[in-house]
file upload33.cif (mmCIF, C-alpha atoms and all ligand atoms)
data_work
#
loop_
_atom_site.group_PDB
_atom_site.id
_atom_site.type_symbol
_atom_site.label_atom_id
_atom_site.label_comp_id
_atom_site.auth_asym_id
_atom_site.auth_seq_id
_atom_site.Cartn_x
_atom_site.Cartn_y
_atom_site.Cartn_z
ATOM 1 C CA MET R 214 115.901 105.293 109.307
ATOM 2 C CA LYS R 215 112.790 104.575 111.359
ATOM 3 C CA ILE R 216 109.821 106.936 111.340
ATOM 4 C CA LEU R 217 107.047 106.616 113.913
ATOM 5 C CA VAL R 218 103.721 108.029 112.721
ATOM 6 C CA THR R 219 100.840 108.303 115.160
ATOM 7 C CA GLY R 220 97.091 108.934 114.683
ATOM 8 C CA PHE R 221 94.306 109.449 117.223
ATOM 9 C CA GLU R 222 91.232 107.411 118.088
ATOM 10 C CA PRO R 223 87.894 109.023 117.162
ATOM 11 C CA PHE R 224 86.623 111.502 119.754
ATOM 12 C CA ALA R 225 83.826 114.016 120.379
ATOM 13 C CA GLY R 226 81.151 111.643 119.131
ATOM 14 C CA GLU R 227 82.744 111.075 115.712
ATOM 15 C CA VAL R 228 82.912 107.477 114.466
ATOM 16 C CA ILE R 229 86.204 107.972 112.658
ATOM 17 C CA ASN R 230 89.250 110.195 113.050
ATOM 18 C CA SER R 231 90.747 111.499 109.787
ATOM 19 C CA SER R 232 94.270 111.301 111.237
ATOM 20 C CA LEU R 233 93.941 107.582 111.943
ATOM 21 C CA GLU R 234 92.301 106.816 108.600
ATOM 22 C CA ALA R 235 95.113 108.631 106.780
ATOM 23 C CA ILE R 236 98.084 107.113 108.594
ATOM 24 C CA GLN R 237 96.688 103.633 107.972
ATOM 25 C CA LEU R 238 97.062 104.283 104.235
ATOM 26 C CA LEU R 239 100.798 104.911 104.529
ATOM 27 C CA PRO R 240 103.043 102.122 103.222
ATOM 28 C CA ASP R 241 105.419 100.280 105.567
ATOM 29 C CA THR R 242 108.444 101.706 103.795
ATOM 30 C CA ILE R 243 109.003 105.048 102.103
ATOM 31 C CA GLU R 244 112.290 105.250 100.231
ATOM 32 C CA ASN R 245 114.815 103.834 102.704
ATOM 33 C CA ALA R 246 112.754 104.511 105.804
ATOM 34 C CA GLN R 247 110.713 102.059 107.830
ATOM 35 C CA ILE R 248 107.302 103.491 108.740
ATOM 36 C CA VAL R 249 105.865 102.358 112.085
ATOM 37 C CA LYS R 250 102.255 103.372 112.692
ATOM 38 C CA THR R 251 100.443 103.462 115.992
ATOM 39 C CA THR R 252 97.086 104.518 117.410
ATOM 40 C CA ILE R 253 97.011 106.949 120.302
ATOM 41 C CA PRO R 254 94.051 107.124 122.715
ATOM 42 C CA THR R 255 92.372 110.528 122.759
ATOM 43 C CA VAL R 256 92.892 110.757 126.488
ATOM 44 C CA PHE R 257 94.997 113.156 128.557
ATOM 45 C CA GLY R 258 97.874 111.315 130.231
ATOM 46 C CA LYS R 259 97.341 107.979 128.459
ATOM 47 C CA SER R 260 98.186 109.531 125.086
ATOM 48 C CA ILE R 261 101.603 110.599 126.359
ATOM 49 C CA GLU R 262 102.133 107.234 128.122
ATOM 50 C CA THR R 263 101.392 105.367 124.877
ATOM 51 C CA LEU R 264 103.846 107.540 122.967
ATOM 52 C CA LYS R 265 106.493 107.110 125.683
ATOM 53 C CA GLU R 266 106.233 103.308 125.426
ATOM 54 C CA MET R 267 106.578 103.508 121.640
ATOM 55 C CA LEU R 268 109.669 105.721 121.889
ATOM 56 C CA GLU R 269 111.277 103.209 124.261
ATOM 57 C CA LYS R 270 110.287 100.182 122.203
ATOM 58 C CA GLU R 271 110.831 101.418 118.654
ATOM 59 C CA LYS R 272 113.663 103.943 119.142
ATOM 60 C CA PRO R 273 112.580 105.971 116.099
ATOM 61 C CA ASP R 274 114.711 108.621 114.392
ATOM 62 C CA VAL R 275 111.694 110.727 113.489
ATOM 63 C CA VAL R 276 108.251 111.044 115.101
ATOM 64 C CA ILE R 277 105.297 112.584 113.294
ATOM 65 C CA CYS R 278 102.144 112.824 115.382
ATOM 66 C CA VAL R 279 98.990 113.473 113.400
ATOM 67 C CA GLY R 280 95.640 114.696 114.702
ATOM 68 C CA GLN R 281 92.309 115.833 113.350
ATOM 69 C CA ALA R 282 91.519 119.548 113.418
ATOM 70 C CA GLY R 283 87.854 119.707 112.470
ATOM 71 C CA GLY R 284 87.108 123.078 110.887
ATOM 72 C CA ARG R 285 90.517 123.679 109.360
ATOM 73 C CA ALA R 286 90.628 123.650 105.564
ATOM 74 C CA LYS R 287 94.332 122.923 105.100
ATOM 75 C CA ILE R 288 96.949 120.509 106.337
ATOM 76 C CA THR R 289 98.568 122.476 109.151
ATOM 77 C CA ILE R 290 102.087 121.936 110.380
ATOM 78 C CA GLU R 291 102.267 122.886 114.037
ATOM 79 C CA ARG R 292 105.124 125.124 115.156
ATOM 80 C CA VAL R 293 104.778 124.993 118.931
ATOM 81 C CA ALA R 294 103.298 123.053 121.858
ATOM 82 C CA ILE R 295 102.488 124.761 125.162
ATOM 83 C CA ASN R 296 102.653 123.434 128.727
ATOM 84 C CA ILE R 297 98.923 123.588 129.441
ATOM 85 C CA ASP R 298 95.849 121.374 129.310
ATOM 86 C CA ASP R 299 92.609 123.310 128.992
ATOM 87 C CA ALA R 300 89.809 121.202 127.561
ATOM 88 C CA SER R 301 86.440 122.510 126.416
ATOM 89 C CA ILE R 302 85.029 119.004 125.869
ATOM 90 C CA PRO R 303 85.781 115.812 127.823
ATOM 91 C CA ASP R 304 88.348 113.400 126.393
ATOM 92 C CA ASN R 305 87.424 109.756 125.681
ATOM 93 C CA GLU R 306 87.619 108.894 129.391
ATOM 94 C CA GLY R 307 85.715 111.925 130.644
ATOM 95 C CA ASN R 308 88.716 114.019 131.726
ATOM 96 C CA LEU R 309 88.165 117.756 131.433
ATOM 97 C CA PRO R 310 91.323 119.445 132.704
ATOM 98 C CA LYS R 311 91.279 123.219 133.078
ATOM 99 C CA ASP R 312 94.452 125.352 133.147
ATOM 100 C CA GLN R 313 96.628 122.382 134.137
ATOM 101 C CA ILE R 314 100.382 122.277 133.640
ATOM 102 C CA ILE R 315 101.460 119.133 131.698
ATOM 103 C CA PHE R 316 104.995 118.686 133.083
ATOM 104 C CA LYS R 317 106.080 120.773 136.108
ATOM 105 C CA ASP R 318 109.731 120.508 135.099
ATOM 106 C CA GLY R 319 109.047 121.343 131.441
ATOM 107 C CA GLU R 320 109.499 124.629 129.591
ATOM 108 C CA ASN R 321 106.450 126.824 128.976
ATOM 109 C CA ALA R 322 106.628 125.777 125.330
ATOM 110 C CA TYR R 323 108.671 123.699 122.917
ATOM 111 C CA PHE R 324 109.094 124.219 119.193
ATOM 112 C CA SER R 325 108.766 121.410 116.672
ATOM 113 C CA ASN R 326 112.196 120.433 115.410
ATOM 114 C CA LEU R 327 110.901 119.241 112.047
ATOM 115 C CA PRO R 328 111.664 121.466 109.023
ATOM 116 C CA ILE R 329 108.144 122.932 109.183
ATOM 117 C CA LYS R 330 108.421 125.484 106.360
ATOM 118 C CA LYS R 331 110.056 123.006 104.001
ATOM 119 C CA ILE R 332 107.257 120.547 104.788
ATOM 120 C CA VAL R 333 104.599 123.156 103.939
ATOM 121 C CA GLU R 334 106.322 123.813 100.606
ATOM 122 C CA ALA R 335 106.645 120.092 99.867
ATOM 123 C CA ILE R 336 102.929 119.512 100.493
ATOM 124 C CA LYS R 337 102.015 122.475 98.307
ATOM 125 C CA GLU R 338 104.226 121.072 95.555
ATOM 126 C CA CYS R 339 101.999 117.989 95.748
ATOM 127 C CA LYS R 340 99.118 120.429 94.989
ATOM 128 C CA ILE R 341 97.575 120.123 98.431
ATOM 129 C CA PRO R 342 96.819 123.192 100.595
ATOM 130 C CA ALA R 343 99.072 123.484 103.645
ATOM 131 C CA SER R 344 100.258 126.129 106.073
ATOM 132 C CA ILE R 345 102.057 126.630 109.364
ATOM 133 C CA SER R 346 99.875 126.738 112.478
ATOM 134 C CA ASN R 347 101.054 128.648 115.508
ATOM 135 C CA SER R 348 98.736 126.894 117.927
ATOM 136 C CA ALA R 349 97.934 123.223 118.369
ATOM 137 C CA GLY R 350 95.195 124.241 120.829
ATOM 138 C CA THR R 351 95.021 123.188 124.469
ATOM 139 C CA TYR R 352 93.343 119.794 124.047
ATOM 140 C CA VAL R 353 94.825 116.296 123.594
ATOM 141 C CA CYS R 354 96.778 117.108 120.410
ATOM 142 C CA ASN R 355 98.743 119.918 122.046
ATOM 143 C CA HIS R 356 99.146 117.632 125.075
ATOM 144 C CA LEU R 357 100.705 114.852 122.977
ATOM 145 C CA MET R 358 102.883 117.237 120.968
ATOM 146 C CA TYR R 359 104.112 118.803 124.215
ATOM 147 C CA GLY R 360 104.854 115.342 125.636
ATOM 148 C CA LEU R 361 106.809 114.370 122.524
ATOM 149 C CA LEU R 362 108.911 117.529 122.552
ATOM 150 C CA TYR R 363 109.436 117.253 126.327
ATOM 151 C CA PHE R 364 110.865 113.727 125.865
ATOM 152 C CA ILE R 365 113.007 114.912 122.968
ATOM 153 C CA ASN R 366 114.305 117.797 125.047
ATOM 154 C CA LYS R 367 114.955 115.733 128.184
ATOM 155 C CA LYS R 368 116.062 112.377 126.824
ATOM 156 C CA TYR R 369 116.006 111.801 123.077
ATOM 157 C CA LYS R 370 117.907 114.789 121.719
ATOM 158 C CA ASN R 371 118.540 113.118 118.373
ATOM 159 C CA ILE R 372 114.896 112.519 117.551
ATOM 160 C CA ARG R 373 113.259 114.880 115.063
ATOM 161 C CA GLY R 374 109.615 115.326 115.972
ATOM 162 C CA GLY R 375 106.521 117.405 115.497
ATOM 163 C CA PHE R 376 102.807 117.482 114.900
ATOM 164 C CA ILE R 377 100.505 117.788 111.904
ATOM 165 C CA HIS R 378 96.790 118.601 112.042
ATOM 166 C CA VAL R 379 94.573 117.366 109.210
ATOM 167 C CA PRO R 380 91.025 118.417 108.238
ATOM 168 C CA TYR R 381 87.864 116.352 108.505
ATOM 169 C CA LEU R 382 87.160 113.816 105.765
ATOM 170 C CA PRO R 383 84.196 114.658 103.472
ATOM 171 C CA GLU R 384 82.056 111.925 105.074
ATOM 172 C CA GLN R 385 82.444 113.626 108.470
ATOM 173 C CA VAL R 386 80.894 116.911 107.322
ATOM 174 C CA LEU R 387 77.838 115.611 105.463
ATOM 175 C CA ASN R 388 75.543 116.973 108.140
ATOM 176 C CA LYS R 389 77.670 119.902 109.319
ATOM 177 C CA LYS R 390 77.092 123.404 108.033
ATOM 178 C CA ASN R 391 79.860 125.125 106.058
ATOM 179 C CA VAL R 392 82.660 122.992 107.475
ATOM 180 C CA PRO R 393 85.650 122.285 105.219
ATOM 181 C CA SER R 394 86.999 118.814 104.516
ATOM 182 C CA MET R 395 89.756 117.105 102.532
ATOM 183 C CA SER R 396 89.751 113.748 100.746
ATOM 184 C CA LEU R 397 91.456 110.820 102.428
ATOM 185 C CA ASP R 398 93.714 110.360 99.399
ATOM 186 C CA ASN R 399 94.912 113.955 99.619
ATOM 187 C CA ILE R 400 95.580 113.746 103.345
ATOM 188 C CA ALA R 401 97.531 110.501 102.891
ATOM 189 C CA LEU R 402 99.452 112.011 99.965
ATOM 190 C CA ALA R 403 100.312 115.070 102.052
ATOM 191 C CA LEU R 404 101.716 112.805 104.790
ATOM 192 C CA ASN R 405 103.681 110.911 102.170
ATOM 193 C CA CYS R 406 105.135 114.166 100.805
ATOM 194 C CA THR R 407 105.998 115.215 104.361
ATOM 195 C CA ILE R 408 107.877 112.008 105.044
ATOM 196 C CA LYS R 409 109.797 112.209 101.754
ATOM 197 C CA LYS R 410 110.815 115.782 102.551
ATOM 198 C CA ILE R 411 111.996 114.806 106.032
ATOM 199 C CA ILE R 412 114.042 111.936 104.578
ATOM 200 C CA GLU R 413 115.558 114.286 101.995
ATOM 201 C CA GLU R 414 116.390 116.881 104.648
ATOM 202 C CA SER R 415 117.929 114.247 106.910
ATOM 203 C CA HIS R 416 120.778 113.896 104.420
ATOM 204 C CA PHE R 417 121.868 117.386 105.544
ATOM 205 C CA ASP R 418 121.242 116.670 109.215
ATOM 206 C CA LYS R 419 124.203 114.967 110.880
ATOM 207 C CA SER R 420 122.159 113.862 113.891
ATOM 208 C CA LEU R 421 120.024 111.506 111.807
HETATM 209 N N1 LIG C 1 92.327 116.009 117.552
HETATM 210 C C1 LIG C 1 92.196 116.561 118.881
HETATM 211 C C2 LIG C 1 92.604 115.446 119.799
HETATM 212 C C3 LIG C 1 92.592 114.193 118.978
HETATM 213 C C4 LIG C 1 92.519 114.682 117.589
HETATM 214 O O1 LIG C 1 92.600 113.963 116.568
HETATM 215 C C5 LIG C 1 92.956 117.872 119.070
HETATM 216 O O2 LIG C 1 93.138 118.616 118.084
HETATM 217 O O3 LIG C 1 93.356 118.184 120.189
#
call {"tool": "encode", "arguments": {"input": "upload33.cif", "output": "structure tokens"}}
result
Amino acid sequence: MKILVTGFEPFAGEVINSSLEAIQLLPDTIENAQIVKTTIPTVFGKSIETLKEMLEKEKPDVVICVGQAGGRAKITIERVAINIDDASIPDNEGNLPKDQIIFKDGENAYFSNLPIKKIVEAIKECKIPASISNSAGTYVCNHLMYGLLYFINKKYKNIRGGFIHVPYLPEQVLNKKNVPSMSLDNIALALNCTIKKIIEESHFDKSL
């Protein structure tokens, strides 16, 4: 089995992105699965293009996109991506789309097809706080998640894919007021637990 894990470049003036730091700590193999890691630009359009190239090149069985959700205290497993870009801050190339449809021939929304509740339980069993999130926002993370699920729906029906938001790292909140964070080790462990759960579940899933 091949699992593609993506993380985002730093954005919004931050020098690091917790998602990228955490995925870099993942080993190249977990149980029998090969882990392929890639960096996604925090840019509307380009983020989806980068993912599309990786899907074509790597032909993964599972795709887990990871992004930073500054302000959230837990690991959050996203349930749904919506067909809209509505940015409140510019992306890394200055794009600031407002109320823009992502794919004209796409559904209004797509659900993650990862076992999201089982993943939450698996992360909690690792003693790390986690919950389902019912909104990935309307910025680049939702954009990428929507793109992934659009490709799965249109072309790669056998891929299991979804999105996970992770909190800031402690070093990112040193000068922020009352903003939660999570250690890099815990975020990486949570991703590890997620991947193990997905591998375990795949034994019951004939399409993998
Ligand atoms: N988080 C942003 C985009 C890149 C990232 O890591 C988001 O939540 O949309």
call {"tool": "atom_distance", "arguments": {"input": "upload33.cif", "atom1": "CA of Arg373 in chain R", "atom2": "CA of Phe224 in chain R"}}
result
27.3 Å
call {"tool": "residues_near_ligand", "arguments": {"input": "upload33.cif", "ligand": "ligand LIG 1 (chain C)", "cutoff": "9 Å", "atoms": "all atoms listed in the file", "output": "PyMOL selection string"}}
result
chain R and resi 220-225+230-233+253-256+279-283+300+304+349-357+378-379
call {"tool": "resolve_selection", "arguments": {"input": "upload33.cif", "expression": "the PyMOL selection byres (((chain R and resi 395) around 9) and not hetatm)", "output": "list in words"}}
result
Ala286, Lys287, Ile288, Val379, Pro380, Tyr381, Leu382, Pro383, Pro393, Ser394, Ser396, Leu397, Asp398, Asn399 and Ile400 of chain R
call {"tool": "write_last_selection", "arguments": {"input": "upload33.cif", "atoms": "C-alpha atoms", "output": "PDB file, in the coordinates of the input"}}
result
ATOM      1  CA  ALA R 286      90.628 123.650 105.564  1.00  0.00           C
ATOM      2  CA  LYS R 287      94.332 122.923 105.100  1.00  0.00           C
ATOM      3  CA  ILE R 288      96.949 120.509 106.337  1.00  0.00           C
ATOM      4  CA  VAL R 379      94.573 117.366 109.210  1.00  0.00           C
ATOM      5  CA  PRO R 380      91.025 118.417 108.238  1.00  0.00           C
ATOM      6  CA  TYR R 381      87.864 116.352 108.505  1.00  0.00           C
ATOM      7  CA  LEU R 382      87.160 113.816 105.765  1.00  0.00           C
ATOM      8  CA  PRO R 383      84.196 114.658 103.472  1.00  0.00           C
ATOM      9  CA  PRO R 393      85.650 122.285 105.219  1.00  0.00           C
ATOM     10  CA  SER R 394      86.999 118.814 104.516  1.00  0.00           C
ATOM     11  CA  SER R 396      89.751 113.748 100.746  1.00  0.00           C
ATOM     12  CA  LEU R 397      91.456 110.820 102.428  1.00  0.00           C
ATOM     13  CA  ASP R 398      93.714 110.360  99.399  1.00  0.00           C
ATOM     14  CA  ASN R 399      94.912 113.955  99.619  1.00  0.00           C
ATOM     15  CA  ILE R 400      95.580 113.746 103.345  1.00  0.00           C
TER      16      ILE R 400
END
call {"tool": "atom_distance", "arguments": {"input": "upload33.cif", "atom1": "CA of Ile377 in chain R", "atom2": "CA of Ile290 in chain R"}}
result
4.7 Å
call {"tool": "residues_around", "arguments": {"input": "upload33.cif", "residues": "Val333 in chain R", "least_positions_apart": "3", "cutoff": "10 Å", "atoms": "only C-alpha atoms", "output": "JSON, numbers by chain"}}
result
{"R": [288, 289, 290, 328, 329, 330, 336, 337, 338, 341, 342, 343, 344, 345, 403, 406, 407, 410]}
call {"tool": "resolve_selection", "arguments": {"input": "upload33.cif", "expression": "the PyMOL selection byres (((chain R and resi 327) around 12) and not hetatm)", "output": "ChimeraX atom specification"}}
result
/R:274-278,290-293,323-326,328-333,345,362,365,371-377,407-408,410-412,414-415,418,421
call {"tool": "atom_distance", "arguments": {"input": "upload33.cif", "atom1": "CA of Lys340 in chain R", "atom2": "CA of Leu238 in chain R"}}
result
18.7 Å
call {"tool": "closest_residue", "arguments": {"input": "upload33.cif", "among": "R:Gly319, R:Gly360, R:Pro240, R:Gly226", "to": "Phe257 in chain R", "atoms": "only C-alpha atoms"}}
result
R:Gly360
call {"tool": "axis_aligned_box", "arguments": {"input": "upload33.cif", "around": "range 256-273 of chain R", "padding_each_side": "4 Å", "output": "lines of an AutoDock Vina configuration file"}}
result
center_x = 103.3
center_y = 106.7
center_z = 123.2
size_x = 28.8
size_y = 21.0
size_z = 22.1
call {"tool": "resolve_selection", "arguments": {"input": "upload33.cif", "expression": "the PyMOL selection byres (((chain R and resi 310) around 6) and not hetatm)", "output": "ChimeraX atom specification"}}
result
/R:298-300,309,311
call {"tool": "closest_residue", "arguments": {"input": "upload33.cif", "among": "R:Asn305, R:Leu402, R:Gln385, R:Ala335", "to": "Lys259 in chain R", "atoms": "all atoms listed in the file"}}
result
R:Asn305
call {"tool": "closest_residue", "arguments": {"input": "upload33.cif", "among": "R:Ile229, R:Met267, R:Ala235, R:Leu387", "to": "Leu217 in chain R", "atoms": "only C-alpha atoms"}}
result
R:Met267
call {"tool": "build_atoms", "arguments": {"input": "upload33.cif", "residues": "range 271-282 of chain R", "atoms": "all heavy atoms", "output": "short mmCIF file (atom, residue, chain, number, x, y, z; two decimals), keeping the file's coordinate frame"}}
result
data_model
loop_
_atom_site.label_atom_id
_atom_site.label_comp_id
_atom_site.auth_asym_id
_atom_site.auth_seq_id
_atom_site.Cartn_x
_atom_site.Cartn_y
_atom_site.Cartn_z
N GLU R 271 110.47 101.32 120.08
CA GLU R 271 110.83 101.42 118.65
C GLU R 271 112.11 102.22 118.39
O GLU R 271 112.71 102.10 117.34
CB GLU R 271 109.67 102.05 117.85
CG GLU R 271 108.38 101.25 117.87
CD GLU R 271 108.48 99.96 117.07
OE1 GLU R 271 109.43 99.81 116.27
OE2 GLU R 271 107.61 99.09 117.26
N LYS R 272 112.49 103.07 119.32
CA LYS R 272 113.66 103.94 119.14
C LYS R 272 113.68 104.59 117.75
O LYS R 272 114.64 104.40 116.97
CB LYS R 272 114.96 103.17 119.38
CG LYS R 272 114.98 102.48 120.74
CD LYS R 272 116.37 102.12 121.17
CE LYS R 272 116.47 101.42 122.50
NZ LYS R 272 115.34 101.48 123.42
N PRO R 273 112.65 105.36 117.44
CA PRO R 273 112.58 105.97 116.10
C PRO R 273 113.57 107.13 115.94
O PRO R 273 114.03 107.70 116.93
CB PRO R 273 111.14 106.49 116.03
CG PRO R 273 110.78 106.77 117.46
CD PRO R 273 111.50 105.74 118.28
N ASP R 274 113.88 107.45 114.69
CA ASP R 274 114.71 108.62 114.39
C ASP R 274 113.84 109.87 114.24
O ASP R 274 114.29 110.99 114.48
CB ASP R 274 115.47 108.39 113.08
CG ASP R 274 116.33 107.15 113.15
OD1 ASP R 274 117.30 107.17 113.92
OD2 ASP R 274 116.01 106.15 112.47
N VAL R 275 112.62 109.62 113.76
CA VAL R 275 111.69 110.73 113.49
C VAL R 275 110.32 110.33 114.04
O VAL R 275 109.93 109.17 113.95
CB VAL R 275 111.58 110.98 111.96
CG1 VAL R 275 110.53 112.05 111.65
CG2 VAL R 275 112.93 111.37 111.35
N VAL R 276 109.62 111.30 114.64
CA VAL R 276 108.25 111.04 115.10
C VAL R 276 107.33 112.11 114.53
O VAL R 276 107.57 113.32 114.70
CB VAL R 276 108.15 111.06 116.64
CG1 VAL R 276 106.72 110.74 117.08
CG2 VAL R 276 109.13 110.07 117.26
N ILE R 277 106.30 111.66 113.83
CA ILE R 277 105.30 112.58 113.29
C ILE R 277 103.96 112.21 113.92
O ILE R 277 103.40 111.14 113.64
CB ILE R 277 105.19 112.47 111.75
CG1 ILE R 277 106.57 112.67 111.10
CG2 ILE R 277 104.19 113.49 111.21
CD1 ILE R 277 106.60 112.29 109.63
N CYS R 278 103.46 113.07 114.80
CA CYS R 278 102.14 112.82 115.38
C CYS R 278 101.12 113.57 114.55
O CYS R 278 101.34 114.72 114.16
CB CYS R 278 102.10 113.32 116.83
SG CYS R 278 103.23 112.42 117.91
N VAL R 279 100.02 112.89 114.26
CA VAL R 279 98.99 113.47 113.40
C VAL R 279 97.68 113.49 114.18
O VAL R 279 97.35 112.54 114.90
CB VAL R 279 98.84 112.65 112.10
CG1 VAL R 279 97.89 113.35 111.13
CG2 VAL R 279 100.19 112.41 111.42
N GLY R 280 96.94 114.58 114.04
CA GLY R 280 95.64 114.70 114.70
C GLY R 280 94.64 115.38 113.80
O GLY R 280 95.02 116.02 112.81
N GLN R 281 93.38 115.22 114.14
CA GLN R 281 92.31 115.83 113.35
C GLN R 281 91.99 117.22 113.90
O GLN R 281 91.81 117.37 115.11
CB GLN R 281 91.09 114.92 113.46
CG GLN R 281 89.79 115.47 112.93
CD GLN R 281 88.66 114.52 113.29
OE1 GLN R 281 88.60 113.39 112.83
NE2 GLN R 281 87.76 114.98 114.15
N ALA R 282 91.95 118.20 113.01
CA ALA R 282 91.52 119.55 113.42
C ALA R 282 90.26 119.88 112.62
O ALA R 282 90.34 120.47 111.54
CB ALA R 282 92.61 120.57 113.16
#
